[in-house]
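> One structure coming up, written as structure tokens, with questions to follow.
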Amino acid sequence: MRLSTGCLVLVSISGVLAACISQPPRVRIADGTVIGFSNNSIDTFQGIPYADPPIGELRFKSPRSLSSPFGLFNATSTPKSCPPHPIVTDPNIFRLLPPPLSDAVNGYFHTPTIVDEDCLNLAVQRPSSTAPNAKLPVLVWIYGGSFQFGSYEDYDYSPMISKSVALGHPIIVVRMQYRTGTWGFLAGKDLQEEGNTNIGLKDQRLALQWVAENIAAFGGDPDKVTIWGESAGSMSVFYQSIAYSGDNTYRGRKLFRAAIMNSGAALPGQPVDSQTAQSYYDALVTATGCDGAVDGRLSCLRKVPYDSLYNATAVIPGMFSPDGLRMSFVPRSDPNDTVLPSSSFNLIKEQKIASIPVLSGTQDDEGTLFGLSMLNSTNSTTLAKALHELYPVASSDIFESLLGFYPDQPSLGSPFDTGNANQLYPEFKRNAALVGDLAFQFQKRAFHEAVAGKLKIWNYNSKYGKATPFLGTFHGSDLGLMRTGQPSVPYEAILQYYISFVNFLDPNKLGHNGGLLNWPQWDKDGKKMLEFRDNATAVVTDDARQEAYEYFDKVQDRLLL
């Protein structure tokens, strides 16, 4: 790699004195020159706009590419983050957990430093001194947050980049902001008629197009892009793979050639014009006083001052609602639009998915975090009621049958493998097991089985941190692993597997030299996956609660949010 710092050579009587004067990294792209900063041998450029500000008349509209160049852009300031939905509407919910665990979990839901509707920007991180012609593989990160909140401000992948350099196979990481909640996934007939549904997914797609057009100037290879996400970010990776009926090309070239999915596949929602989706839209219209507006309800919503609109969004239930778990904002099928013209179930069934290799997995106790919002579900009757509110179009007999696979025995619940311990409230472990399976474990398994004949798949499940009280290996604990590097055994292994996959489309390529266990491909016959533990990795079979999964597989097309 060629140095990008400027060097001044001074000639003196005694000889030649060479002194390098450090200059901030600068990259010239079509829209202007981007100035970043360097720290610990990593160049960072953040806050780079990839779309016109989605404000005013562009609020609740599909993103629009930058209409004018920005000239000289200072990409060193704290980036703007998109407005979140009021996700934690019960401030006492995390107080169920003992400190400092409650503080740590609450930290996942903090408000970003700068929140602004003008938020469609991205960040690029690369090894310092990367030459424009380096053609390094690119990893594009999509954050999670239940499609209700999130920001790339919370994620710094400098350690991963440094590790890739140490392994001799450096990578570039791109992080994007995209609209969530009301701002990105509001649905309803008015938006459908305008063609402005699933605009959060469209933000992501436009950011990927920006990468295709500009990453070469940073030293990246636009033909070697892997998309990666966690939770709703992982689900976004899934939806980007099936969007446009599986067409992931842009100007004749693939936008991405591989996918990494941490804790999330499909999150099936009812259509954009369903009664559920429409009720959320109608509630917002009423709360803002836009019902009956002369110039139309959407036009009125676009004129509502930001603070007033943000406060009004609270009428739509957040994920941790006092009434229980809610997933109000999800990608929804829209037959009038090409992004998701049909349900994810149908698109996968018809094999309308990009032909790319996939690395996909889960945390063992995906449901414990969400079980915190199910305090009112303390017996079979109240749990069935909560599930019906979460999946309103499914019949009651489905929930009665599902509950039969999850007996009220704490030793069988989640956190799994912890005996009768960690029962936070009556039936907490049962609730956590069921929700974790329905939303994550079984969705992953169904996805793998549906596409196994078309895609190469590497499957994993994590079981480190089981000693965490009440939560075990909880949803999002992999993000804590990436931030702290502890426990070190799974951290080092995951980094190396991921870097190998980004470079070679195979997680094992670098592992053969580093002593890592060979990670077998998943197939329908063996169902083998890698299990990450505190002090080791192991190859196991992905068949936990198989009878419950087989029933889920029969009814999954009716479990719609």
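All residue names refer to the structure tokens as shown: chains lettered A, B, ... in order, residues numbered from 1 in each chain, ligands numbered from 1 in order.
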Write out as a ChimeraX atom specification which residues come within 10 Å of A:Pro63 when counting only C-alpha atoms, dropping same-chain ones fewer than 2 positions away.
/A:50-54,58-61,65-66,120,178-179,196,199-207
> As number ranges by chain, please: every residue in stretch 130-378 of chain A that a backbone DSSP assignment puts in strand (DSSP E).
A: 136-142, 172-176, 220-230, 249-250, 253-254, 258-262, 320-321, 324-325, 358-363
> Quick one: write out the picked residues with N, CA and C atoms as a short mmCIF file (atom, residue, chain, number, x, y, z; two decimals), in the first residue's frame?

data_model
loop_
_atom_site.label_atom_id
_atom_site.label_comp_id
_atom_site.auth_asym_id
_atom_site.auth_seq_id
_atom_site.Cartn_x
_atom_site.Cartn_y
_atom_site.Cartn_z
N LEU A 136 -9.28 -3.29 -2.07
CA LEU A 136 -9.52 -4.09 -0.87
C LEU A 136 -10.98 -4.54 -0.80
N PRO A 137 -11.23 -5.73 -0.26
CA PRO A 137 -12.62 -6.16 -0.04
C PRO A 137 -13.32 -5.20 0.92
N VAL A 138 -14.62 -5.08 0.77
CA VAL A 138 -15.41 -4.10 1.52
C VAL A 138 -16.50 -4.80 2.32
N LEU A 139 -16.61 -4.43 3.58
CA LEU A 139 -17.66 -4.94 4.46
C LEU A 139 -18.59 -3.79 4.81
N VAL A 140 -19.86 -3.89 4.42
CA VAL A 140 -20.84 -2.83 4.67
C VAL A 140 -21.73 -3.23 5.84
N TRP A 141 -21.70 -2.42 6.89
CA TRP A 141 -22.44 -2.70 8.12
C TRP A 141 -23.79 -1.99 8.12
N ILE A 142 -24.85 -2.75 8.49
CA ILE A 142 -26.20 -2.21 8.65
C ILE A 142 -26.63 -2.46 10.09
N ILE A 172 -11.89 -2.92 4.11
CA ILE A 172 -12.49 -1.61 4.36
C ILE A 172 -13.89 -1.83 4.92
N VAL A 173 -14.29 -1.00 5.88
CA VAL A 173 -15.63 -1.11 6.46
C VAL A 173 -16.41 0.17 6.18
N VAL A 174 -17.64 0.01 5.69
CA VAL A 174 -18.55 1.12 5.45
C VAL A 174 -19.75 0.96 6.39
N ARG A 175 -20.16 2.05 7.02
CA ARG A 175 -21.35 2.05 7.88
C ARG A 175 -22.32 3.10 7.38
N MET A 176 -23.58 2.81 7.40
CA MET A 176 -24.60 3.72 6.85
C MET A 176 -25.65 4.10 7.89
N GLY A 220 -11.17 0.65 -2.18
CA GLY A 220 -11.99 -0.55 -2.09
C GLY A 220 -12.34 -1.11 -3.45
N ASP A 221 -12.77 -2.35 -3.46
CA ASP A 221 -13.17 -3.03 -4.69
C ASP A 221 -14.69 -3.15 -4.72
N PRO A 222 -15.37 -2.44 -5.61
CA PRO A 222 -16.84 -2.50 -5.65
C PRO A 222 -17.37 -3.87 -6.05
N ASP A 223 -16.51 -4.73 -6.57
CA ASP A 223 -16.93 -6.08 -6.93
C ASP A 223 -16.72 -7.08 -5.79
N LYS A 224 -16.23 -6.60 -4.64
CA LYS A 224 -15.97 -7.48 -3.50
C LYS A 224 -16.63 -6.92 -2.24
N VAL A 225 -17.92 -6.70 -2.32
CA VAL A 225 -18.68 -6.13 -1.21
C VAL A 225 -19.47 -7.22 -0.49
N THR A 226 -19.34 -7.26 0.82
CA THR A 226 -20.15 -8.13 1.68
C THR A 226 -21.03 -7.24 2.55
N ILE A 227 -22.32 -7.55 2.64
CA ILE A 227 -23.20 -6.80 3.53
C ILE A 227 -23.39 -7.59 4.82
N TRP A 228 -23.41 -6.85 5.93
CA TRP A 228 -23.40 -7.47 7.26
C TRP A 228 -24.31 -6.68 8.18
N GLY A 229 -25.08 -7.38 9.00
CA GLY A 229 -25.93 -6.70 9.96
C GLY A 229 -26.26 -7.57 11.14
N GLU A 230 -26.80 -6.94 12.19
CA GLU A 230 -27.22 -7.64 13.40
C GLU A 230 -28.64 -7.24 13.72
N THR A 249 -28.30 -6.31 -8.57
CA THR A 249 -27.39 -5.65 -9.49
C THR A 249 -27.68 -4.16 -9.60
N TYR A 250 -26.67 -3.44 -10.02
CA TYR A 250 -26.76 -2.00 -10.25
C TYR A 250 -25.83 -1.67 -11.41
N ARG A 253 -23.73 -4.68 -12.51
CA ARG A 253 -22.78 -5.33 -11.61
C ARG A 253 -23.45 -5.58 -10.26
N LYS A 254 -23.02 -6.63 -9.58
CA LYS A 254 -23.58 -6.95 -8.28
C LYS A 254 -23.22 -5.87 -7.26
N ALA A 258 -21.76 -11.24 -1.08
CA ALA A 258 -21.89 -12.15 0.06
C ALA A 258 -22.65 -11.45 1.17
N ALA A 259 -23.09 -12.24 2.16
CA ALA A 259 -23.88 -11.68 3.27
C ALA A 259 -23.51 -12.35 4.58
N ILE A 260 -23.46 -11.54 5.64
CA ILE A 260 -23.29 -12.03 7.00
C ILE A 260 -24.50 -11.57 7.81
N MET A 261 -25.15 -12.53 8.47
CA MET A 261 -26.41 -12.24 9.16
C MET A 261 -26.32 -12.69 10.62
N ASN A 262 -26.17 -11.72 11.52
CA ASN A 262 -26.13 -11.99 12.96
C ASN A 262 -27.52 -11.79 13.55
N PHE A 320 -40.67 -2.08 23.56
CA PHE A 320 -40.88 -2.36 24.97
C PHE A 320 -42.05 -1.52 25.47
N SER A 321 -43.23 -1.94 25.11
CA SER A 321 -44.45 -1.23 25.46
C SER A 321 -45.00 -1.76 26.78
N GLY A 324 -46.84 -4.91 26.40
CA GLY A 324 -46.14 -6.11 25.96
C GLY A 324 -45.28 -5.86 24.75
N LEU A 325 -44.67 -6.91 24.25
CA LEU A 325 -43.76 -6.82 23.11
C LEU A 325 -44.51 -6.37 21.86
N VAL A 358 -23.72 -17.18 2.23
CA VAL A 358 -24.26 -16.56 3.43
C VAL A 358 -23.62 -17.17 4.67
N LEU A 359 -23.22 -16.31 5.58
CA LEU A 359 -22.78 -16.73 6.91
C LEU A 359 -23.85 -16.22 7.87
N SER A 360 -24.52 -17.14 8.58
CA SER A 360 -25.74 -16.77 9.30
C SER A 360 -25.82 -17.48 10.64
N GLY A 361 -26.22 -16.75 11.70
CA GLY A 361 -26.31 -17.41 12.99
C GLY A 361 -27.11 -16.66 14.02
N THR A 362 -27.09 -17.19 15.24
CA THR A 362 -27.92 -16.68 16.33
C THR A 362 -27.17 -16.74 17.65
N GLN A 363 -27.71 -16.02 18.64
CA GLN A 363 -27.31 -16.16 20.04
C GLN A 363 -28.26 -17.18 20.67
#
> Fewer than 4 positions away in the same chain doesn't count, so skip those; otherwise give me all residues within 6 Å of A:Ser500, counting only C-alpha atoms, as a PyMOL selection string.
chain A and resi 504+507+509-510
> Give me, as CSV, each residue of stretch 95-213 of chain A that comes within 6 Å of stretch 79-85 of chain A, together with its shortest interatomic pair and the distance in Å at one decimal, counting only C-alpha atoms, with rows ordered by chain and rising residue number.

residue,atom,partner,partner_atom,distance
A:Ile114,CA,A:Lys80,CA,5.1
A:Val115,CA,A:Ser81,CA,4.8
A:Asp116,CA,A:Cys82,CA,5.7
A:Glu117,CA,A:Cys82,CA,5.8
A:Cys119,CA,A:Cys82,CA,5.1
A:Gln148,CA,A:His85,CA,5.2
A:Phe149,CA,A:Pro84,CA,4.3
A:Ser151,CA,A:Ser81,CA,5.7
A:Arg179,CA,A:Cys82,CA,5.7
A:Gly181,CA,A:His85,CA,5.3
> Could the residues in this selection be saved with C-alpha atoms as a compact mmCIF listing (two decimals), in the first residue's frame?

# COMPACT_ATOMS: atom_id res chain seq x y z
CA ILE A 114 -26.93 14.37 17.17
CA VAL A 115 -30.43 13.44 15.96
CA ASP A 116 -31.66 15.10 12.79
CA GLU A 117 -34.01 14.28 9.93
CA CYS A 119 -29.40 11.98 8.44
CA GLN A 148 -37.28 1.43 15.34
CA PHE A 149 -33.94 3.02 16.25
CA SER A 151 -27.11 4.65 14.47
CA ARG A 179 -34.41 5.88 8.43
CA GLY A 181 -39.55 3.78 12.81
> Counting only C-alpha atoms, which residues of stretch 464-528 of chain A sit at most 12 Å from some atom of stretch 429-449 of chain A, and what is each one's closest atom pair with its distance in Å to one decimal, listed by chain and rising residue number, as CSV?

residue,atom,partner,partner_atom,distance
A:Phe470,CA,A:Lys429,CA,8.6
A:Leu471,CA,A:Ala432,CA,9.2
A:Gly472,CA,A:Lys429,CA,10.9
A:Thr473,CA,A:Gly436,CA,11.5
A:Phe474,CA,A:Gly436,CA,9.5
A:His475,CA,A:Gly436,CA,8.7
A:Gln521,CA,A:His448,CA,11.0
A:Trp522,CA,A:His448,CA,8.0
A:Asp523,CA,A:Glu449,CA,7.8
A:Lys524,CA,A:Glu449,CA,6.4
A:Asp525,CA,A:Glu449,CA,10.1
A:Gly526,CA,A:Glu449,CA,11.6
A:Lys527,CA,A:Glu449,CA,9.3
A:Lys528,CA,A:His448,CA,11.5
> Looking at only C-alpha atoms, which of A:Ala421, A:Gly413, A:Arg28, A:His388 is the one that sits closest to A:Gly367?
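Counting only C-alpha atoms, the residue closest to A:Gly367 is A:Gly413.
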> If we count only C-alpha atoms and set the cut-off at 12 Å, which residues sit around A:Ala266, ignoring sequence neighbours fewer than 6 positions away in its own chain? Please answer as a ChimeraX atom specification.
/A:231-242,330-332,343-348,438-448,450,556-557,559-561
> Name the residues of stretch 415-460 of chain A that fall into alpha helix (DSSP H) according to DSSP on the backbone, using the chain letters and numbers of this document, as a PyMOL selection string.
chain A and resi 428-436+442-451
> Suppose you want the space between atom CA of A:Ser373 and atom CA of A:Ala386; what is it in Å?
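Answer for the atom CA of A:Ser373 to atom CA of A:Ala386 separation: 10.5 Å.
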> Taking 5 positions as the minimum chain separation for residues in the same chain, which residues sit within 8 Å of stretch 535-546 of chain A when counting only C-alpha atoms? Answer as a PDB file with C-alpha atoms, in the first residue's frame.

ATOM      1  CA  PRO A 487     -14.365 -13.459  26.127  1.00  0.00           C
ATOM      2  CA  VAL A 489     -11.583 -17.015  22.471  1.00  0.00           C
ATOM      3  CA  PRO A 490     -14.860 -16.468  20.567  1.00  0.00           C
ATOM      4  CA  LEU A 517     -11.781 -25.468  13.747  1.00  0.00           C
ATOM      5  CA  TRP A 519     -16.498 -24.654   9.850  1.00  0.00           C
ATOM      6  CA  PRO A 520     -18.641 -27.057   7.796  1.00  0.00           C
ATOM      7  CA  GLY A 526     -26.334 -32.916   8.376  1.00  0.00           C
ATOM      8  CA  LYS A 527     -27.629 -29.566   9.710  1.00  0.00           C
ATOM      9  CA  LYS A 528     -24.137 -28.898  11.086  1.00  0.00           C
ATOM     10  CA  MET A 529     -23.232 -25.558  12.605  1.00  0.00           C
ATOM     11  CA  LEU A 530     -20.397 -24.009  14.571  1.00  0.00           C
TER      12      LEU A 530
END
> Excluding A:Ala548 and its own-chain neighbours fewer than 3 positions away, which residues fall within 8 Å of it when counting only C-alpha atoms? Please give them as a PDB file with C-alpha atoms, in the first residue's frame.

ATOM      1  CA  LEU A 402     -47.247 -23.779  20.055  1.00  0.00           C
ATOM      2  CA  PHE A 405     -44.189 -27.524  22.832  1.00  0.00           C
ATOM      3  CA  ARG A 545     -36.606 -28.046  19.836  1.00  0.00           C
ATOM      4  CA  TYR A 551     -44.941 -27.192  13.667  1.00  0.00           C
ATOM      5  CA  PHE A 552     -43.719 -23.622  13.152  1.00  0.00           C
TER       6      PHE A 552
END
> Which one is closest to A:Gly296: A:Ile42, A:Val27, A:Ile87, A:Leu191? Count only C-alpha atoms.
A:Leu191
> Could I get the residues of stretch 11-89 of chain A with an atom no further than 10 Å from an atom of stretch 156-162 of chain A, each paired with its nearest atom pair and that distance in Å to one decimal, using only C-alpha atoms, sorted by chain and residue number, as CSV?

residue,atom,partner,partner_atom,distance
A:Asn39,CA,A:Ser158,CA,9.2
A:Asn40,CA,A:Ser158,CA,8.5
A:Ser41,CA,A:Ser162,CA,8.0
A:Ile42,CA,A:Ser158,CA,6.6
A:Asp43,CA,A:Ser158,CA,9.0
A:Thr44,CA,A:Ser158,CA,9.0
> Grab the atom CA of A:Ser414 to atom CA of A:Tyr391 distance for me, in Å with one decimal place.
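The value is 21.3 Å.
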> Mind pulling up the distance from atom CA of A:Glu492 to atom CA of A:Leu101?
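Interatomic distance, atom CA of A:Leu101 to atom CA of A:Glu492: 24.2 Å.
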